[in-house]
Structures are given as C-alpha cells and as structure tokens.
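Asks: Supplied structure: my_file17.cif, mmCIF, C-alpha atoms and all ligand atoms.
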```
data_data
#
loop_
_atom_site.label_atom_id
_atom_site.label_comp_id
_atom_site.auth_asym_id
_atom_site.auth_seq_id
_atom_site.Cartn_x
_atom_site.Cartn_y
_atom_site.Cartn_z
CA MET A 1 -104.06 -8.42 -190.03
CA ASN A 2 -102.77 -11.28 -187.91
CA VAL A 3 -104.36 -14.17 -185.99
CA ALA A 4 -104.83 -12.05 -182.86
CA GLY A 5 -106.92 -9.58 -184.92
CA ILE A 6 -109.02 -12.37 -186.49
CA LEU A 7 -109.70 -13.94 -183.07
CA LYS A 8 -110.68 -10.55 -181.66
CA GLU A 9 -113.46 -10.43 -184.28
CA LYS A 10 -114.61 -14.07 -184.31
CA GLY A 11 -113.80 -15.08 -180.72
CA GLY A 12 -111.59 -17.82 -179.36
CA ALA A 13 -114.14 -20.59 -178.83
CA VAL A 14 -113.00 -24.01 -180.09
CA GLU A 15 -115.21 -27.09 -180.32
CA THR A 16 -113.36 -30.01 -178.78
CA ALA A 17 -114.07 -33.67 -178.08
CA GLY A 18 -112.32 -36.48 -176.25
CA PRO A 19 -110.41 -39.25 -178.08
CA GLY A 20 -113.11 -41.77 -177.11
CA THR A 21 -115.92 -39.82 -178.82
CA LEU A 22 -117.71 -41.94 -181.43
CA LEU A 23 -117.68 -40.74 -185.04
CA ILE A 24 -121.49 -40.84 -185.07
CA ASP A 25 -121.43 -38.17 -182.34
CA VAL A 26 -118.69 -36.24 -184.13
CA VAL A 27 -120.78 -35.98 -187.32
CA GLN A 28 -123.79 -34.79 -185.28
CA THR A 29 -121.69 -32.03 -183.72
CA LEU A 30 -120.12 -31.02 -187.05
CA SER A 31 -123.56 -30.89 -188.66
CA ASN A 32 -125.34 -29.08 -185.80
CA LEU A 33 -122.62 -26.45 -185.44
CA ARG A 34 -121.96 -26.18 -189.20
CA ILE A 35 -118.22 -26.60 -188.72
CA GLY A 36 -115.66 -28.79 -190.46
CA ALA A 37 -113.41 -30.07 -187.69
CA LEU A 38 -113.12 -30.82 -183.98
CA VAL A 39 -109.93 -30.51 -181.96
CA ILE A 40 -109.41 -33.71 -179.96
CA GLU A 41 -108.19 -33.04 -176.45
CA GLY A 42 -106.63 -35.62 -174.16
CA ASP A 43 -107.56 -35.97 -170.48
CA ASP A 44 -104.71 -33.60 -169.63
CA GLY A 45 -106.31 -30.90 -171.82
CA ALA A 46 -103.46 -31.08 -174.34
CA ILE A 47 -104.21 -31.23 -178.07
CA ALA A 48 -104.19 -34.91 -178.97
CA GLY A 49 -105.35 -34.62 -182.58
CA ILE A 50 -107.77 -33.05 -185.03
CA LEU A 51 -110.69 -34.77 -186.74
CA SER A 52 -112.22 -33.16 -189.81
CA GLU A 53 -115.11 -34.12 -192.09
CA ARG A 54 -112.45 -35.47 -194.50
CA ASP A 55 -111.43 -38.04 -191.86
CA VAL A 56 -115.04 -39.15 -191.46
CA VAL A 57 -115.38 -39.56 -195.24
CA ARG A 58 -112.15 -41.62 -195.28
CA ALA A 59 -113.37 -43.78 -192.38
CA VAL A 60 -116.71 -44.53 -194.07
CA ALA A 61 -115.04 -45.11 -197.47
CA GLN A 62 -112.65 -47.66 -195.91
CA HIS A 63 -114.96 -49.41 -193.45
CA GLY A 64 -118.53 -48.59 -194.46
CA ALA A 65 -121.21 -47.24 -192.10
CA ASN A 66 -119.80 -49.35 -189.22
CA ALA A 67 -116.95 -46.83 -189.03
CA LEU A 68 -119.38 -44.41 -187.39
CA HIS A 69 -119.10 -46.54 -184.25
CA SER A 70 -115.31 -46.12 -184.16
CA THR A 71 -113.65 -43.57 -181.91
CA ALA A 72 -112.16 -40.21 -182.85
CA ALA A 73 -108.74 -41.52 -181.76
CA GLU A 74 -108.82 -44.11 -184.55
CA PHE A 75 -109.25 -41.58 -187.37
CA MET A 76 -107.93 -38.25 -186.07
CA THR A 77 -104.69 -36.73 -187.38
CA SER A 78 -101.82 -36.37 -184.94
CA PRO A 79 -99.62 -34.45 -184.42
CA VAL A 80 -101.56 -31.26 -185.13
CA VAL A 81 -99.99 -28.29 -186.87
CA THR A 82 -100.85 -25.13 -184.92
CA CYS A 83 -100.10 -21.43 -185.26
CA GLY A 84 -99.45 -18.58 -182.88
CA THR A 85 -101.38 -15.32 -182.47
CA GLU A 86 -98.77 -13.32 -184.40
CA GLU A 87 -99.14 -15.35 -187.62
CA THR A 88 -100.17 -13.23 -190.63
CA VAL A 89 -102.97 -13.94 -193.12
CA SER A 90 -100.45 -14.74 -195.87
CA GLY A 91 -98.57 -17.00 -193.42
CA LEU A 92 -101.82 -18.86 -192.67
CA MET A 93 -102.50 -19.27 -196.40
CA ALA A 94 -99.01 -20.69 -196.91
CA ILE A 95 -99.35 -23.20 -194.03
CA MET A 96 -102.79 -24.40 -195.20
CA THR A 97 -101.69 -24.66 -198.84
CA GLU A 98 -98.44 -26.52 -198.08
CA ASN A 99 -100.14 -28.97 -195.71
CA ARG A 100 -103.37 -29.29 -197.74
CA PHE A 101 -105.72 -28.76 -194.81
CA ARG A 102 -108.26 -26.09 -193.92
CA HIS A 103 -108.03 -25.76 -190.14
CA LEU A 104 -105.37 -24.35 -187.86
CA PRO A 105 -105.80 -24.39 -184.08
CA VAL A 106 -104.19 -21.39 -182.39
CA VAL A 107 -101.96 -21.95 -179.37
CA ASP A 108 -101.09 -19.02 -177.14
CA ASP A 109 -99.00 -19.39 -174.02
CA GLY A 110 -99.24 -23.17 -174.33
CA LYS A 111 -103.06 -23.13 -174.38
CA LEU A 112 -105.64 -23.63 -177.12
CA ALA A 113 -106.73 -20.05 -177.89
CA GLY A 114 -108.87 -20.38 -181.03
CA ILE A 115 -109.12 -21.99 -184.44
CA ILE A 116 -108.71 -20.47 -187.89
CA SER A 117 -110.52 -22.03 -190.85
CA ILE A 118 -109.87 -21.50 -194.55
CA GLY A 119 -113.13 -19.48 -194.58
CA ASP A 120 -111.67 -16.99 -192.07
CA VAL A 121 -108.52 -16.68 -194.18
CA VAL A 122 -110.39 -16.12 -197.45
CA LYS A 123 -112.67 -13.54 -195.79
CA LYS A 124 -109.67 -11.57 -194.49
CA ARG A 125 -107.74 -11.87 -197.77
CA ILE A 126 -110.73 -10.46 -199.70
CA ALA A 127 -111.06 -7.59 -197.20
CA GLU A 128 -107.33 -6.82 -197.59
CA ALA A 129 -107.54 -6.94 -201.41
CA GLU A 130 -110.57 -4.61 -201.41
CA PHE A 131 -108.78 -2.21 -199.07
CA GLU A 132 -105.68 -2.19 -201.31
CA ALA A 133 -107.83 -1.56 -204.40
CA GLU A 134 -109.59 1.38 -202.70
CA GLU A 135 -106.24 2.85 -201.62
CA MET A 136 -104.92 2.50 -205.17
CA LYS A 137 -108.01 4.23 -206.61
CA ARG A 138 -107.67 7.04 -204.07
CA TYR A 139 -104.00 7.45 -204.93
CA ILE A 140 -104.61 7.47 -208.70
CA SER A 141 -107.40 10.06 -208.47
CA SER A 142 -105.20 12.29 -206.28
CA VAL A 143 -102.30 12.61 -208.78
P1 LIG B 201 -109.31 -30.36 -193.58
O1 LIG B 201 -108.92 -29.87 -194.94
O2 LIG B 201 -108.97 -29.36 -192.51
O3 LIG B 201 -110.72 -30.83 -193.51
O4 LIG B 201 -108.39 -31.63 -193.21
C1 LIG B 201 -107.80 -32.48 -194.17
C2 LIG B 201 -106.94 -33.50 -193.41
O5 LIG B 201 -105.90 -32.82 -192.68
C3 LIG B 201 -107.68 -34.32 -192.37
O6 LIG B 201 -107.09 -35.61 -192.34
C4 LIG B 201 -107.41 -33.60 -191.05
O7 LIG B 201 -107.43 -34.46 -189.91
C5 LIG B 201 -106.01 -33.05 -191.28
N1 LIG B 201 -105.80 -31.77 -190.61
C6 LIG B 201 -106.62 -30.70 -190.62
N2 LIG B 201 -106.11 -29.68 -189.94
C7 LIG B 201 -104.91 -30.10 -189.48
C8 LIG B 201 -103.87 -29.52 -188.67
N3 LIG B 201 -103.96 -28.26 -188.26
N4 LIG B 201 -102.78 -30.27 -188.36
C9 LIG B 201 -102.68 -31.55 -188.82
N5 LIG B 201 -103.60 -32.15 -189.58
C10 LIG B 201 -104.72 -31.44 -189.91
#
```
Represent the structure of the file as structure tokens.
Ligand code: AMP

Replies:
Amino acid sequence: MNVAGILKEKGGAVETAGPGTLLIDVVQTLSNLRIGALVIEGDDGAIAGILSERDVVRAVAQHGANALHSTAAEFMTSPVVTCGTEETVSGLMAIMTENRFRHLPVVDDGKLAGIISIGDVVKKRIAEAEFEAEEMKRYISSV
C-alpha cells in the first residue's frame, strides 16, 4: 500500500496552526486531539514548519514553564520533510528512521494533502506482514 491508500482510509485532514500560536495553545490542541504534532502554516498557506510534542519538551527543558508563552515559530522545525502520495510504506519507514521523526506531511500538487504518523506506518506494516503470513500458510497447505 502507498500513501494514497492510507489517506483514503484515514482521511486527509491535517491540524495546522499559525507561526504566532503560543505553545500553551499548541499543547492544549495536541492533548485535546490526542495527536503528536501540528503543521505550522504561514499566512500564504505554505508549510512554514512542524511542531511536535518533542519540541515542546525541549522548549520547557531549556527555558522552564515560561517557554509555554513562546510562539510556535520559535521552536518549530523548518524546513519540513514531506512525502508524496505515491510513497510506499517501506519508503515511509526509511524516511522516518533516517530522519528520526514520527510525522510526515503529505504534499500533493503543491498542497498539504494529509499527514502520516509512525502509528499509521506501523499499523499498515503489521497488516502487510499478517497478509504475507496468511498467503504463505495458504501456499504451504496447497503443495
Ligand atoms: P517527532 O518524532 O515527529 O515528534 O519529531 C521529532 C523532531 O523532528 C521534532 O523536533 C520535530 O519538529 C521534527 N520533525 C517531525 N517531523 C518532521 C518532518 N516531517 N520534517 C522535519 N522535521 C520534523
């Protein structure tokens, strides 16, 4: 399966915030929606950065609780690594492993079209492994 197939199942909604959003509001959103990252969009709608729970932890570790009154722009990561809709599950695993992050926004036709998390990748990889095991069992019992 590829990214297009994953997005067909989970949908293409992406939680975004502006660069001026305060970290205190970011953590509320992450907690309420039970997600790990927000894509930060500039005024022009382009991807300006990504801010994950790891960035919030780093901000608080470096500056204490006052960091929660800083803006997303101060702690987001930029530029953002993205993937296209044709990327495969093993390709996604390779990108996340090499870059040591767990979120990949999807860009299609120049527009933000979805986001893939490590949880989506693991779910699909398990489904693929189970399918392969079933096929193998079927093959073995047929010979
Ligand atoms: P994560 O493992 O996704 O929580 O993120 C770990 C670190 O990588 C954080 O500093 C994020 O801002 C950054 N990060 C996450 N996803 C991406 C991405 N797709 N492109 C660039 N940096 C990212």

Asks: May I have a table of the residues of chain A lying at most 10 Å from ligand LIG 201 (chain B), giving each one's closest pair of atoms and their distance in Å to one decimal, counting all atoms listed in the file, ordered by chain and ascending residue number, as CSV?

Replies:
```
residue,atom,partner,partner_atom,distance
A:Ile35,CA,B:LIG201,O3,9.9
A:Gly36,CA,B:LIG201,O3,6.2
A:Ala37,CA,B:LIG201,O3,6.5
A:Leu38,CA,B:LIG201,O7,9.0
A:Val39,CA,B:LIG201,N2,8.9
A:Gly49,CA,B:LIG201,C9,7.4
A:Ile50,CA,B:LIG201,O7,5.1
A:Leu51,CA,B:LIG201,O7,4.6
A:Ser52,CA,B:LIG201,O3,4.6
A:Glu53,CA,B:LIG201,O3,5.7
A:Arg54,CA,B:LIG201,O3,5.1
A:Asp55,CA,B:LIG201,O6,5.0
A:Val56,CA,B:LIG201,O6,8.7
A:Val57,CA,B:LIG201,O6,9.6
A:Arg58,CA,B:LIG201,O6,8.4
A:Phe75,CA,B:LIG201,O7,7.8
A:Met76,CA,B:LIG201,O7,5.4
A:Thr77,CA,B:LIG201,O7,4.4
A:Ser78,CA,B:LIG201,C9,6.2
A:Pro79,CA,B:LIG201,C9,6.1
A:Val80,CA,B:LIG201,N4,3.6
A:Val81,CA,B:LIG201,N4,3.7
A:Thr82,CA,B:LIG201,N3,5.5
A:Cys83,CA,B:LIG201,N3,8.4
A:Ile95,CA,B:LIG201,N3,9.0
A:Met96,CA,B:LIG201,N3,8.0
A:Thr97,CA,B:LIG201,O1,9.7
A:Asn99,CA,B:LIG201,O5,7.6
A:Arg100,CA,B:LIG201,O1,6.2
A:Phe101,CA,B:LIG201,O1,3.4
A:Arg102,CA,B:LIG201,O2,3.6
A:His103,CA,B:LIG201,N2,4.4
A:Leu104,CA,B:LIG201,N3,4.2
A:Pro105,CA,B:LIG201,N3,6.0
A:Val106,CA,B:LIG201,N3,9.0
A:Ile115,CA,B:LIG201,N3,9.0
A:Ile116,CA,B:LIG201,N3,9.1
A:Ser117,CA,B:LIG201,O2,7.7
A:Ile118,CA,B:LIG201,O2,8.2
```

Asks: Keeping C-alpha atoms, export the residues of the selection given above as a PDB file, keeping the file's coordinate frame.

Replies:
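That gives us again_10.pdb:
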```
ATOM      1  CA  ILE A  35    -118.220 -26.600-188.720  1.00  0.00           C
ATOM      2  CA  GLY A  36    -115.660 -28.790-190.460  1.00  0.00           C
ATOM      3  CA  ALA A  37    -113.410 -30.070-187.690  1.00  0.00           C
ATOM      4  CA  LEU A  38    -113.120 -30.820-183.980  1.00  0.00           C
ATOM      5  CA  VAL A  39    -109.930 -30.510-181.960  1.00  0.00           C
ATOM      6  CA  GLY A  49    -105.350 -34.620-182.580  1.00  0.00           C
ATOM      7  CA  ILE A  50    -107.770 -33.050-185.030  1.00  0.00           C
ATOM      8  CA  LEU A  51    -110.690 -34.770-186.740  1.00  0.00           C
ATOM      9  CA  SER A  52    -112.220 -33.160-189.810  1.00  0.00           C
ATOM     10  CA  GLU A  53    -115.110 -34.120-192.090  1.00  0.00           C
ATOM     11  CA  ARG A  54    -112.450 -35.470-194.500  1.00  0.00           C
ATOM     12  CA  ASP A  55    -111.430 -38.040-191.860  1.00  0.00           C
ATOM     13  CA  VAL A  56    -115.040 -39.150-191.460  1.00  0.00           C
ATOM     14  CA  VAL A  57    -115.380 -39.560-195.240  1.00  0.00           C
ATOM     15  CA  ARG A  58    -112.150 -41.620-195.280  1.00  0.00           C
ATOM     16  CA  PHE A  75    -109.250 -41.580-187.370  1.00  0.00           C
ATOM     17  CA  MET A  76    -107.930 -38.250-186.070  1.00  0.00           C
ATOM     18  CA  THR A  77    -104.690 -36.730-187.380  1.00  0.00           C
ATOM     19  CA  SER A  78    -101.820 -36.370-184.940  1.00  0.00           C
ATOM     20  CA  PRO A  79     -99.620 -34.450-184.420  1.00  0.00           C
ATOM     21  CA  VAL A  80    -101.560 -31.260-185.130  1.00  0.00           C
ATOM     22  CA  VAL A  81     -99.990 -28.290-186.870  1.00  0.00           C
ATOM     23  CA  THR A  82    -100.850 -25.130-184.920  1.00  0.00           C
ATOM     24  CA  CYS A  83    -100.100 -21.430-185.260  1.00  0.00           C
ATOM     25  CA  ILE A  95     -99.350 -23.200-194.030  1.00  0.00           C
ATOM     26  CA  MET A  96    -102.790 -24.400-195.200  1.00  0.00           C
ATOM     27  CA  THR A  97    -101.690 -24.660-198.840  1.00  0.00           C
ATOM     28  CA  ASN A  99    -100.140 -28.970-195.710  1.00  0.00           C
ATOM     29  CA  ARG A 100    -103.370 -29.290-197.740  1.00  0.00           C
ATOM     30  CA  PHE A 101    -105.720 -28.760-194.810  1.00  0.00           C
ATOM     31  CA  ARG A 102    -108.260 -26.090-193.920  1.00  0.00           C
ATOM     32  CA  HIS A 103    -108.030 -25.760-190.140  1.00  0.00           C
ATOM     33  CA  LEU A 104    -105.370 -24.350-187.860  1.00  0.00           C
ATOM     34  CA  PRO A 105    -105.800 -24.390-184.080  1.00  0.00           C
ATOM     35  CA  VAL A 106    -104.190 -21.390-182.390  1.00  0.00           C
ATOM     36  CA  ILE A 115    -109.120 -21.990-184.440  1.00  0.00           C
ATOM     37  CA  ILE A 116    -108.710 -20.470-187.890  1.00  0.00           C
ATOM     38  CA  SER A 117    -110.520 -22.030-190.850  1.00  0.00           C
ATOM     39  CA  ILE A 118    -109.870 -21.500-194.550  1.00  0.00           C
TER      40      ILE A 118
END
```

Asks: Suppose you want the space between CA of Ile24 (chain A) and CA of Ala67 (chain A); what is it in Å?

Replies: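 Atom-to-atom, CA of Ile24 (chain A) and CA of Ala67 (chain A) are spaced 8.5 Å apart.
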
Asks: To test the calculation: enclose all listed atoms of region 7-24 of chain A in a box whose edges run along x, y and z, add 6 Å on each side, then state centre and edge lengths in Å to one decimal, as lines of an AutoDock Vina configuration file.

Replies:
```
center_x = -115.6
center_y = -26.2
center_z = -180.7
size_x = 23.8
size_y = 43.5
size_z = 20.8
```

Asks: One decimal, in Å: what's the spacing between CA of Thr21 (chain A) and CA of Leu68 (chain A)?

Replies: 10.3 Å

Asks: Distance CA of Glu41 (chain A)-CA of Lys124 (chain A), one decimal place?

Replies: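 Rounded to one decimal, the two atoms are 28.1 Å apart.
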
Asks: Nearest to Glu15 (chain A): which of A:Ala46, A:Ala61, A:Val107, A:Leu112 is it, counting all atoms listed in the file?

Replies: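 Going through A:Ala46, A:Ala61, A:Val107, A:Leu112 one by one, the smallest distance to Glu15 (chain A) is for A:Leu112.
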
Asks: Using all atoms listed in the file, determine which residues lie at most 9 Å from Pro19 (chain A), disregarding the query and same-chain residues fewer than 4 positions distant; provide the list as a PyMOL selection string.

Replies: chain A and resi 40-43+48-49+71-74+76

Asks: Could you pull out every residue with an atom within 8 Å of (-109.9, -15.3, -182.8), file coordinates, counting all atoms listed in the file, and send them as a ChimeraX atom specification?

Replies: /A:3-13,113-116

Asks: Write out as a VMD selection string the residues lying within 9 Å of Thr88 (chain A), counting only C-alpha atoms and excluding same-chain residues fewer than 5 positions away.

Replies: chain A and resid 1 to 3 93

Asks: Go ahead and write the residues just picked, C-alpha atoms, as a short mmCIF file (atom, residue, chain, number, x, y, z; two decimals), keeping the file's coordinate frame.

Replies:
```cif
data_model
loop_
_atom_site.label_atom_id
_atom_site.label_comp_id
_atom_site.auth_asym_id
_atom_site.auth_seq_id
_atom_site.Cartn_x
_atom_site.Cartn_y
_atom_site.Cartn_z
CA MET A 1 -104.06 -8.42 -190.03
CA ASN A 2 -102.77 -11.28 -187.91
CA VAL A 3 -104.36 -14.17 -185.99
CA MET A 93 -102.50 -19.27 -196.40
#
```

Asks: Missing atoms in region 110-124 of chain A: fill them in up to N, CA, C and O atoms and send the result as an mmCIF file, in the frame of the given file.

Replies:
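Produced file result-v1.cif, reproduced below:
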```
data_model
loop_
_atom_site.group_PDB
_atom_site.id
_atom_site.type_symbol
_atom_site.label_atom_id
_atom_site.label_comp_id
_atom_site.auth_asym_id
_atom_site.auth_seq_id
_atom_site.Cartn_x
_atom_site.Cartn_y
_atom_site.Cartn_z
ATOM 1 N N GLY A 110 -99.069 -21.739 -174.602
ATOM 2 C CA GLY A 110 -99.240 -23.170 -174.330
ATOM 3 C C GLY A 110 -100.680 -23.649 -174.262
ATOM 4 O O GLY A 110 -100.937 -24.831 -174.042
ATOM 5 N N LYS A 111 -101.641 -22.731 -174.486
ATOM 6 C CA LYS A 111 -103.060 -23.130 -174.380
ATOM 7 C C LYS A 111 -103.787 -22.922 -175.710
ATOM 8 O O LYS A 111 -103.454 -22.007 -176.469
ATOM 9 N N LEU A 112 -104.799 -23.763 -175.939
ATOM 10 C CA LEU A 112 -105.640 -23.630 -177.120
ATOM 11 C C LEU A 112 -106.396 -22.300 -177.017
ATOM 12 O O LEU A 112 -107.147 -22.072 -176.053
ATOM 13 N N ALA A 113 -106.174 -21.403 -178.002
ATOM 14 C CA ALA A 113 -106.730 -20.050 -177.890
ATOM 15 C C ALA A 113 -107.723 -19.718 -178.991
ATOM 16 O O ALA A 113 -108.305 -18.624 -179.003
ATOM 17 N N GLY A 114 -107.940 -20.642 -179.932
ATOM 18 C CA GLY A 114 -108.870 -20.380 -181.030
ATOM 19 C C GLY A 114 -108.601 -21.331 -182.161
ATOM 20 O O GLY A 114 -107.726 -22.196 -182.073
ATOM 21 N N ILE A 115 -109.365 -21.173 -183.238
ATOM 22 C CA ILE A 115 -109.120 -21.990 -184.440
ATOM 23 C C ILE A 115 -109.409 -21.122 -185.658
ATOM 24 O O ILE A 115 -110.377 -20.359 -185.668
ATOM 25 N N ILE A 116 -108.532 -21.228 -186.652
ATOM 26 C CA ILE A 116 -108.710 -20.470 -187.890
ATOM 27 C C ILE A 116 -109.058 -21.458 -188.992
ATOM 28 O O ILE A 116 -108.376 -22.472 -189.158
ATOM 29 N N SER A 117 -110.143 -21.154 -189.728
ATOM 30 C CA SER A 117 -110.520 -22.030 -190.850
ATOM 31 C C SER A 117 -110.163 -21.325 -192.151
ATOM 32 O O SER A 117 -109.914 -20.108 -192.176
ATOM 33 N N ILE A 118 -110.168 -22.083 -193.239
ATOM 34 C CA ILE A 118 -109.870 -21.500 -194.550
ATOM 35 C C ILE A 118 -110.879 -20.373 -194.852
ATOM 36 O O ILE A 118 -110.522 -19.381 -195.488
ATOM 37 N N GLY A 119 -112.114 -20.526 -194.353
ATOM 38 C CA GLY A 119 -113.130 -19.480 -194.580
ATOM 39 C C GLY A 119 -112.719 -18.161 -193.944
ATOM 40 O O GLY A 119 -112.898 -17.090 -194.532
ATOM 41 N N ASP A 120 -112.144 -18.217 -192.735
ATOM 42 C CA ASP A 120 -111.670 -16.990 -192.070
ATOM 43 C C ASP A 120 -110.559 -16.346 -192.888
ATOM 44 O O ASP A 120 -110.499 -15.126 -193.028
ATOM 45 N N VAL A 121 -109.667 -17.191 -193.421
ATOM 46 C CA VAL A 121 -108.520 -16.680 -194.180
ATOM 47 C C VAL A 121 -108.985 -16.013 -195.470
ATOM 48 O O VAL A 121 -108.562 -14.902 -195.796
ATOM 49 N N VAL A 122 -109.899 -16.680 -196.186
ATOM 50 C CA VAL A 122 -110.390 -16.120 -197.450
ATOM 51 C C VAL A 122 -111.120 -14.796 -197.188
ATOM 52 O O VAL A 122 -110.911 -13.811 -197.907
ATOM 53 N N LYS A 123 -111.932 -14.767 -196.131
ATOM 54 C CA LYS A 123 -112.670 -13.540 -195.790
ATOM 55 C C LYS A 123 -111.691 -12.370 -195.563
ATOM 56 O O LYS A 123 -111.876 -11.278 -196.087
ATOM 57 N N LYS A 124 -110.653 -12.617 -194.797
ATOM 58 C CA LYS A 124 -109.670 -11.570 -194.490
ATOM 59 C C LYS A 124 -108.876 -11.176 -195.726
ATOM 60 O O LYS A 124 -108.570 -10.005 -195.931
#
```
